[in-house]
>>> print(open('upload_33.txt').read())   # compact mmCIF, C-alpha atoms and all ligand atoms
# COMPACT_ATOMS: atom_id res chain seq x y z
CA MET A 927 86.92 114.08 95.11
CA THR A 928 90.34 115.03 96.46
CA GLN A 929 90.24 118.28 98.43
CA VAL A 930 92.83 120.94 97.47
CA LEU A 931 94.59 122.58 100.41
CA ARG A 932 96.59 125.76 100.80
CA PRO A 933 97.64 125.23 104.43
CA PRO A 934 99.51 127.65 106.74
CA VAL A 935 103.18 128.12 105.85
CA PHE A 936 105.49 128.25 108.89
CA ASP A 937 108.79 130.15 108.91
CA GLY A 938 110.63 127.18 110.38
CA ALA A 939 110.13 124.44 112.91
CA ASP A 940 108.76 126.53 115.79
CA ASP A 941 106.52 124.86 118.40
CA GLU A 942 103.39 125.42 116.33
CA ALA A 943 104.94 123.83 113.24
CA VAL A 944 106.18 120.85 115.27
CA ASP A 945 102.67 120.42 116.75
CA HIS A 946 101.11 120.58 113.26
CA PHE A 947 103.55 117.91 112.07
CA GLY A 948 102.84 115.73 115.12
CA MET A 949 99.09 115.93 114.58
CA LYS A 950 98.85 115.76 110.78
CA GLY A 951 102.05 113.94 109.80
CA TRP A 952 103.08 116.81 107.52
CA VAL A 953 103.78 120.55 107.67
CA LEU A 954 104.60 123.31 105.18
CA THR A 955 107.54 125.72 105.77
CA HIS A 956 109.23 128.61 103.96
CA THR A 957 112.76 127.66 102.84
CA LEU A 958 113.97 129.93 100.02
CA ASP A 959 113.27 133.49 98.91
CA VAL A 960 113.09 134.51 95.23
CA ASP A 961 116.90 134.65 94.85
CA GLY A 962 117.27 131.32 96.60
CA VAL A 963 114.76 129.72 94.22
CA GLN A 964 116.67 131.10 91.21
CA ARG A 965 119.91 129.69 92.61
CA LEU A 966 118.29 126.32 93.30
CA ARG A 967 116.92 126.13 89.74
CA GLY A 968 120.44 126.75 88.41
CA TRP A 969 121.81 123.93 90.62
CA ILE A 970 119.09 121.52 89.49
CA ASP A 971 119.88 122.36 85.85
CA GLU A 972 123.54 121.61 86.55
CA VAL A 973 122.75 118.19 88.04
CA ALA A 974 120.36 117.37 85.18
CA SER A 975 123.13 118.16 82.68
CA TRP A 976 125.67 115.77 84.21
CA PRO A 977 126.46 112.82 81.94
CA ASP A 978 125.20 109.42 83.07
CA ASP A 979 128.52 107.71 83.45
CA ALA A 980 131.02 110.31 84.68
CA GLY A 981 130.36 109.82 88.41
CA ASP A 982 128.44 107.85 91.04
CA TRP A 983 125.26 109.93 90.78
CA LEU A 984 122.20 108.22 89.30
CA HIS A 985 119.91 109.52 86.56
CA HIS A 986 116.62 107.75 85.77
CA ARG A 987 114.48 108.30 82.68
CA GLU A 988 110.89 107.56 81.82
CA LEU A 989 109.17 107.16 78.48
CA THR A 990 106.71 110.02 77.88
CA ASP A 991 104.59 110.63 74.78
CA ASP A 992 107.42 112.99 73.69
CA GLY A 993 110.09 110.32 74.11
CA PRO A 994 112.45 109.46 76.99
CA ARG A 995 112.73 112.21 79.63
CA LEU A 996 114.73 112.55 82.85
CA CYS A 997 112.43 111.67 85.78
CA ARG A 998 114.85 111.43 88.72
CA SER A 999 118.46 112.10 89.76
CA GLU A 1000 119.90 110.94 93.07
CA ASN A 1001 123.12 110.64 95.07
CA PHE A 1002 124.33 114.09 93.96
CA THR A 1003 125.26 115.86 97.22
CA PRO A 1004 128.84 114.46 97.25
CA PHE A 1005 129.40 116.18 93.88
CA HIS A 1006 127.57 119.51 94.33
CA ASP A 1007 128.73 121.98 97.01
CA GLY A 1008 125.61 124.19 96.90
CA LEU A 1009 123.10 121.37 97.20
CA ARG A 1010 125.21 119.66 99.87
CA ALA A 1011 125.28 122.84 101.95
CA LEU A 1012 121.53 123.43 101.50
CA LEU A 1013 120.63 119.91 102.60
CA THR A 1014 123.21 119.15 105.29
CA GLU A 1015 123.58 122.45 107.21
CA GLY A 1016 121.50 125.36 108.45
CA PRO A 1017 117.70 125.67 108.38
CA MET A 1018 116.91 122.42 106.52
CA LEU A 1019 118.91 120.28 108.95
CA ASP A 1020 117.55 122.28 111.91
CA THR A 1021 113.95 121.73 110.78
CA ALA A 1022 114.55 117.99 110.21
CA SER A 1023 116.04 117.75 113.72
CA ALA A 1024 113.15 119.66 115.30
CA LEU A 1025 110.58 117.44 113.57
CA LEU A 1026 112.41 114.24 114.55
CA GLY A 1027 112.87 115.61 118.09
CA GLU A 1028 116.60 114.83 118.01
CA PRO A 1029 119.65 115.64 115.86
CA ALA A 1030 119.17 114.54 112.25
CA VAL A 1031 121.54 113.56 109.45
CA LEU A 1032 120.94 113.35 105.69
CA TYR A 1033 120.02 109.76 104.68
CA LYS A 1034 119.40 110.19 100.93
CA GLU A 1035 118.43 112.81 98.35
CA LYS A 1036 116.75 112.93 94.97
CA VAL A 1037 115.24 115.31 92.47
CA ASN A 1038 111.96 114.28 90.83
CA TYR A 1039 111.72 116.31 87.61
CA LYS A 1040 108.14 115.42 86.57
CA LEU A 1041 108.57 117.09 83.19
CA PRO A 1042 105.44 117.67 81.05
CA GLY A 1043 103.85 114.24 80.51
CA GLY A 1044 105.77 112.82 83.49
CA ALA A 1045 104.00 110.11 85.48
CA GLY A 1046 102.61 110.15 89.02
CA TYR A 1047 103.20 107.92 92.05
CA SER A 1048 100.89 105.29 93.57
CA PRO A 1049 99.71 105.65 97.18
CA HIS A 1050 102.56 104.62 99.45
CA GLN A 1051 104.39 105.25 102.70
CA ASP A 1052 108.15 105.74 102.56
CA ALA A 1053 109.05 103.69 105.65
CA PRO A 1054 109.00 100.28 103.86
CA ALA A 1055 111.40 101.59 101.16
CA TYR A 1056 114.13 102.73 103.55
CA PRO A 1057 116.29 99.97 105.01
CA PHE A 1058 118.40 100.48 108.17
CA VAL A 1059 116.46 103.34 109.81
CA THR A 1060 113.33 103.46 111.96
CA SER A 1061 113.11 107.20 112.63
CA HIS A 1062 113.13 109.40 109.56
CA VAL A 1063 111.46 112.40 107.95
CA SER A 1064 111.33 113.46 104.29
CA CYS A 1065 110.35 116.62 102.53
CA MET A 1066 109.64 118.09 99.15
CA VAL A 1067 111.36 121.41 98.42
CA ALA A 1068 109.38 122.88 95.52
CA VAL A 1069 111.72 124.01 92.72
CA ASP A 1070 108.68 124.99 90.61
CA ASP A 1071 105.19 125.73 91.92
CA ALA A 1072 103.52 122.35 92.49
CA THR A 1073 99.82 122.38 91.59
CA VAL A 1074 97.06 119.87 91.00
CA ASP A 1075 97.61 120.22 87.22
CA ASN A 1076 101.29 119.41 87.34
CA GLY A 1077 101.04 116.61 89.91
CA CYS A 1078 101.57 118.08 93.41
CA LEU A 1079 101.74 115.72 96.38
CA GLU A 1080 98.53 114.42 97.95
CA VAL A 1081 98.71 113.31 101.58
CA VAL A 1082 96.47 111.78 104.25
CA SER A 1083 96.40 113.64 107.58
CA GLY A 1084 96.79 111.89 110.92
CA ARG A 1085 97.56 108.43 109.48
CA HIS A 1086 101.29 108.30 110.27
CA ASN A 1087 101.12 105.93 113.22
CA ASP A 1088 101.11 102.59 111.40
CA VAL A 1089 102.41 100.98 108.25
CA LEU A 1090 99.25 100.18 106.27
CA PRO A 1091 98.69 96.85 104.47
CA MET A 1092 100.68 96.72 101.22
CA ASP A 1093 100.30 95.14 97.81
CA ASP A 1094 103.02 93.01 96.23
CA VAL A 1095 105.10 96.04 95.09
CA GLY A 1096 105.16 97.75 98.49
CA CYS A 1097 102.39 100.33 97.88
CA ILE A 1098 99.27 100.80 100.00
CA ARG A 1099 96.67 98.13 99.08
CA ALA A 1100 94.15 99.62 96.66
CA ASP A 1101 91.11 98.78 98.81
CA ILE A 1102 92.72 100.60 101.78
CA ALA A 1103 93.96 103.58 99.71
CA GLU A 1104 90.53 104.29 98.31
CA GLN A 1105 89.07 104.65 101.81
CA LEU A 1106 91.63 107.24 102.91
CA GLU A 1107 90.91 110.97 102.88
CA TRP A 1108 93.42 112.44 100.44
CA VAL A 1109 94.21 116.16 100.29
CA ALA A 1110 96.25 117.76 97.49
CA VAL A 1111 98.80 120.21 98.94
CA GLU A 1112 99.80 122.92 96.48
CA VAL A 1113 103.34 124.11 97.27
CA ARG A 1114 104.91 127.29 95.91
CA ALA A 1115 108.51 127.35 94.68
CA GLY A 1116 110.82 127.83 97.67
CA GLU A 1117 108.39 126.25 100.15
CA THR A 1118 108.95 122.83 101.68
CA LEU A 1119 106.36 120.17 102.48
CA TRP A 1120 107.75 117.99 105.29
CA PHE A 1121 106.17 114.57 105.80
CA HIS A 1122 106.59 111.71 108.23
CA SER A 1123 108.00 108.42 106.89
CA ARG A 1124 104.60 106.77 107.48
CA THR A 1125 102.45 109.59 106.04
CA PRO A 1126 100.49 108.10 103.11
CA HIS A 1127 101.19 110.09 99.94
CA ARG A 1128 100.71 109.87 96.20
CA SER A 1129 100.70 112.21 93.19
CA GLY A 1130 99.17 112.52 89.74
CA PRO A 1131 100.91 112.95 86.37
CA ASN A 1132 102.03 116.31 85.04
CA THR A 1133 99.28 117.28 82.58
CA SER A 1134 100.62 120.85 82.21
CA ALA A 1135 103.15 122.21 79.71
CA GLN A 1136 105.69 123.12 82.44
CA ALA A 1137 108.06 121.06 84.56
CA ARG A 1138 107.21 120.33 88.21
CA ARG A 1139 110.66 119.81 89.68
CA ALA A 1140 111.11 119.05 93.36
CA LEU A 1141 114.04 118.21 95.62
CA TYR A 1142 113.44 115.40 98.14
CA PRO A 1143 115.94 114.95 100.99
CA THR A 1144 115.30 112.32 103.68
CA TYR A 1145 116.82 112.62 107.15
CA ASN A 1146 117.24 110.00 109.85
CA ALA A 1147 117.99 110.33 113.55
CA LEU A 1148 121.77 110.68 113.92
CA ALA A 1149 121.52 108.33 116.92
CA GLU A 1150 120.85 105.54 114.37
CA GLY A 1151 124.07 106.41 112.52
CA ASP A 1152 125.23 108.21 109.37
CA LEU A 1153 123.92 105.62 106.91
CA ARG A 1154 123.84 107.47 103.61
CA ASP A 1155 126.72 105.49 102.06
CA ASP A 1156 125.14 102.21 103.23
CA TYR A 1157 121.81 103.21 101.69
CA TYR A 1158 123.31 103.91 98.25
CA ARG A 1159 125.51 100.78 98.39
CA GLU A 1160 122.40 98.66 99.12
CA LYS A 1161 120.36 100.43 96.45
CA LEU A 1162 123.02 100.02 93.75
CA ALA A 1163 123.37 96.32 94.65
CA GLU A 1164 119.58 95.83 94.41
CA PHE A 1165 119.42 97.65 91.04
CA ALA A 1166 122.31 95.51 89.74
CA LYS A 1167 120.52 92.35 90.91
CA ARG A 1168 117.32 93.36 89.11
CA SER A 1169 119.22 94.16 85.90
CA ALA A 1170 121.15 90.87 86.06
CA ALA A 1171 117.82 89.04 86.39
CA GLY A 1172 116.79 90.61 83.07
CA GLY A 1173 114.35 93.17 84.49
CA HIS A 1174 114.51 96.96 84.56
CA ALA A 1175 116.02 98.34 87.75
CA GLY A 1176 113.14 100.81 88.17
CA VAL A 1177 113.57 104.13 89.98
CA SER A 1178 112.80 103.07 93.55
CA LEU A 1179 113.13 100.11 95.91
CA ILE A 1180 109.31 99.89 95.91
CA GLY A 1181 106.98 100.00 92.90
CA ASP A 1182 105.44 103.42 93.56
CA PHE A 1183 106.46 105.06 90.26
CA GLN A 1184 103.63 104.79 87.71
CA GLY A 1185 105.74 105.74 84.68
CA ARG A 1186 107.58 103.65 82.13
CA PRO A 1187 111.27 103.57 83.15
CA VAL A 1188 113.72 103.41 80.25
O1 LIG A 1201 107.30 113.67 93.16
C1 LIG A 1201 106.19 113.16 93.28
O2 LIG A 1201 105.21 113.52 92.64
C2 LIG A 1201 105.97 112.04 94.28
C3 LIG A 1201 107.24 111.51 94.80
C4 LIG A 1201 107.15 110.35 95.72
O3 LIG A 1201 106.18 110.09 96.37
C5 LIG A 1201 108.35 109.54 95.82
O4 LIG A 1201 109.33 109.79 95.08
O5 LIG A 1201 108.34 108.59 96.65
>>> encode(input="upload_33.txt", output="structure tokens")
Amino acid sequence: MTQVLRPPVFDGADDEAVDHFGMKGWVLTHTLDVDGVQRLRGWIDEVASWPDDAGDWLHHRELTDDGPRLCRSENFTPFHDGLRALLTEGPMLDTASALLGEPAVLYKEKVNYKLPGGAGYSPHQDAPAYPFVTSHVSCMVAVDDATVDNGCLEVVSGRHNDVLPMDDVGCIRADIAEQLEWVAVEVRAGETLWFHSRTPHRSGPNTSAQARRALYPTYNALAEGDLRDDYYREKLAEFAKRSAAGGHAGVSLIGDFQGRPV
């Protein structure tokens, strides 16, 4: 049985939060107050309403029992001033830098919408999916309360030192994943769950009637370079290659998404 956790929420990356992250491979922080959450929801609605082909952002859809639904948008910070400021300046960047132990820079960003009926994600670590960088940290900024019912993240504590054996789609091998001690971390809207690039994580489907939207920026150590443009160039080339080969591009460079991309 997966244990459900409501861990301490730190105000920012003070020494205690950094120690928690170092020990567990994840830490929960406060990011936005009630007004900030309202503003963020408005921004996410704006991004979701952008047409597919009017810019270089990417929208991905999945087939749910209610038909095709948006499951992910990415590469939107160049086109949205509010989201760019939230993710590339101030407390978010400061926390990423404190957790990396050196100045950080935004590597990539996405929204996972996980609308009602939206699918979950297989056990995986992010490190194998991110070319070019060795030192990076990701987080989930909860746009809506994330709960067990709507598919919050589940993590494994203290297992962020190694890349675990993978299956042929880049997820953690099933026999290894089932031996790990998973904890479900419920995250309230406006809080942020930071996790190391090698922290094993997974999530269930959204079985509730409400959306579970979350914003996921990833930061790398600036010393490795500002590689965001390279990342999206590589990703678009890989998606184009998959489509040209007659397959579906998918939503990710690894096969962690359990839904039916359309
Ligand atoms: O949003 C989720 O439920 C999981 C997301 C995730 O693990 C990913 O996008 O790699």
>>> residues_around(input="upload_33.txt", residues="range 1169-1185 of chain A", least_positions_apart="4", cutoff="6 Å", atoms="all atoms listed in the file", output="list in words")
Ala1045, Gly1046, Tyr1047, Ser1048, Ala1055, Val1095, Gly1096 and Phe1165 of chain A
>>> write_last_selection(input="upload_33.txt", atoms="C-alpha atoms", output="mmCIF file, in the frame of the given file")
data_model
loop_
_atom_site.group_PDB
_atom_site.id
_atom_site.type_symbol
_atom_site.label_atom_id
_atom_site.label_comp_id
_atom_site.auth_asym_id
_atom_site.auth_seq_id
_atom_site.Cartn_x
_atom_site.Cartn_y
_atom_site.Cartn_z
ATOM 1 C CA ALA A 1045 104.000 110.110 85.480
ATOM 2 C CA GLY A 1046 102.610 110.150 89.020
ATOM 3 C CA TYR A 1047 103.200 107.920 92.050
ATOM 4 C CA SER A 1048 100.890 105.290 93.570
ATOM 5 C CA ALA A 1055 111.400 101.590 101.160
ATOM 6 C CA VAL A 1095 105.100 96.040 95.090
ATOM 7 C CA GLY A 1096 105.160 97.750 98.490
ATOM 8 C CA PHE A 1165 119.420 97.650 91.040
#
>>> atom_distance(input="upload_33.txt", atom1="CA of His1127 in chain A", atom2="CA of Val1111 in chain A")
10.4 Å
>>> closest_atom_pairs(input="upload_33.txt", of="chain A", to="ligand LIG 1201 (chain A)", cutoff="7 Å", atoms="all atoms listed in the file", output="tab-separated table")
residue	atom	partner	partner_atom	distance
A:Asn1038	CA	A:LIG1201	O1	5.2
A:Lys1040	CA	A:LIG1201	O1	6.9
A:Gly1046	CA	A:LIG1201	O2	5.6
A:Tyr1047	CA	A:LIG1201	C2	5.4
A:Asp1052	CA	A:LIG1201	O5	6.6
A:Gly1077	CA	A:LIG1201	O2	5.9
A:Cys1078	CA	A:LIG1201	O2	5.9
A:Leu1079	CA	A:LIG1201	O2	5.6
A:His1127	CA	A:LIG1201	O3	6.1
A:Arg1128	CA	A:LIG1201	O3	5.5
A:Ser1129	CA	A:LIG1201	O2	4.7
A:Gly1130	CA	A:LIG1201	O2	6.8
A:Ala1140	CA	A:LIG1201	O1	6.6
A:Asp1182	CA	A:LIG1201	O5	6.7
>>> closest_residue(input="upload_33.txt", among="A:Val953, A:Trp976, A:Leu931, A:Pro1029", to="Asp1152 in chain A", atoms="all atoms listed in the file")
A:Pro1029
>>> closest_residue(input="upload_33.txt", among="A:Leu984, A:Arg1139, A:Asp1020, A:Cys1065", to="Asp971 in chain A", atoms="all atoms listed in the file")
A:Arg1139
>>> closest_residue(input="upload_33.txt", among="A:Glu1160, A:Asp1094, A:Glu1080, A:Asp1070", to="Val963 in chain A", atoms="only C-alpha atoms")
A:Asp1070
>>> closest_residue(input="upload_33.txt", among="A:Arg1154, A:Arg995, A:Arg1138, A:Lys1167", to="Tyr1033 in chain A", atoms="all atoms listed in the file")
A:Arg1154
>>> closest_residue(input="upload_33.txt", among="A:Arg1010, A:Arg1124, A:Arg998, A:Arg987", to="Ala1053 in chain A", atoms="only C-alpha atoms")
A:Arg1124
>>> closest_residue(input="upload_33.txt", among="A:Val1063, A:Ala1135, A:Leu1009, A:Ala1149", to="Ala1022 in chain A", atoms="only C-alpha atoms")
A:Val1063
>>> atom_distance(input="upload_33.txt", atom1="CA of Glu1112 in chain A", atom2="CA of Pro933 in chain A")
8.6 Å
>>> residues_around(input="upload_33.txt", residues="Trp983 in chain A", least_positions_apart="4", cutoff="9 Å", atoms="only C-alpha atoms", output="number ranges by chain")
A: 976, 978-979, 999-1005
>>> residues_around(input="upload_33.txt", residues="Gly1016 in chain A", least_positions_apart="4", cutoff="12 Å", atoms="all atoms listed in the file", output="list in words")
Gly938, Thr957, Arg1010, Ala1011, Leu1012, Asp1020, Thr1021, Ala1022, Ser1023, Ala1030 and Val1031 of chain A
>>> residues_near_point(input="upload_33.txt", point="(107.2, 114.6, 114.6)", cutoff="12 Å", atoms="only C-alpha atoms", output="PyMOL selection string")
chain A and resi 939+941-953+1021-1028+1061-1064+1084+1086-1087+1120-1125+1147
>>> atom_distance(input="upload_33.txt", atom1="CA of Asp1101 in chain A", atom2="CA of Thr928 in chain A")
16.4 Å
>>> residues_around(input="upload_33.txt", residues="range 1097-1100 of chain A", least_positions_apart="6", cutoff="6 Å", atoms="only C-alpha atoms", output="PyMOL selection string")
chain A and resi 1049-1050+1091
>>> write_last_selection(input="upload_33.txt", atoms="C-alpha atoms", output="compact mmCIF listing (two decimals), in the coordinates of the input")
# COMPACT_ATOMS: atom_id res chain seq x y z
CA PRO A 1049 99.71 105.65 97.18
CA HIS A 1050 102.56 104.62 99.45
CA PRO A 1091 98.69 96.85 104.47
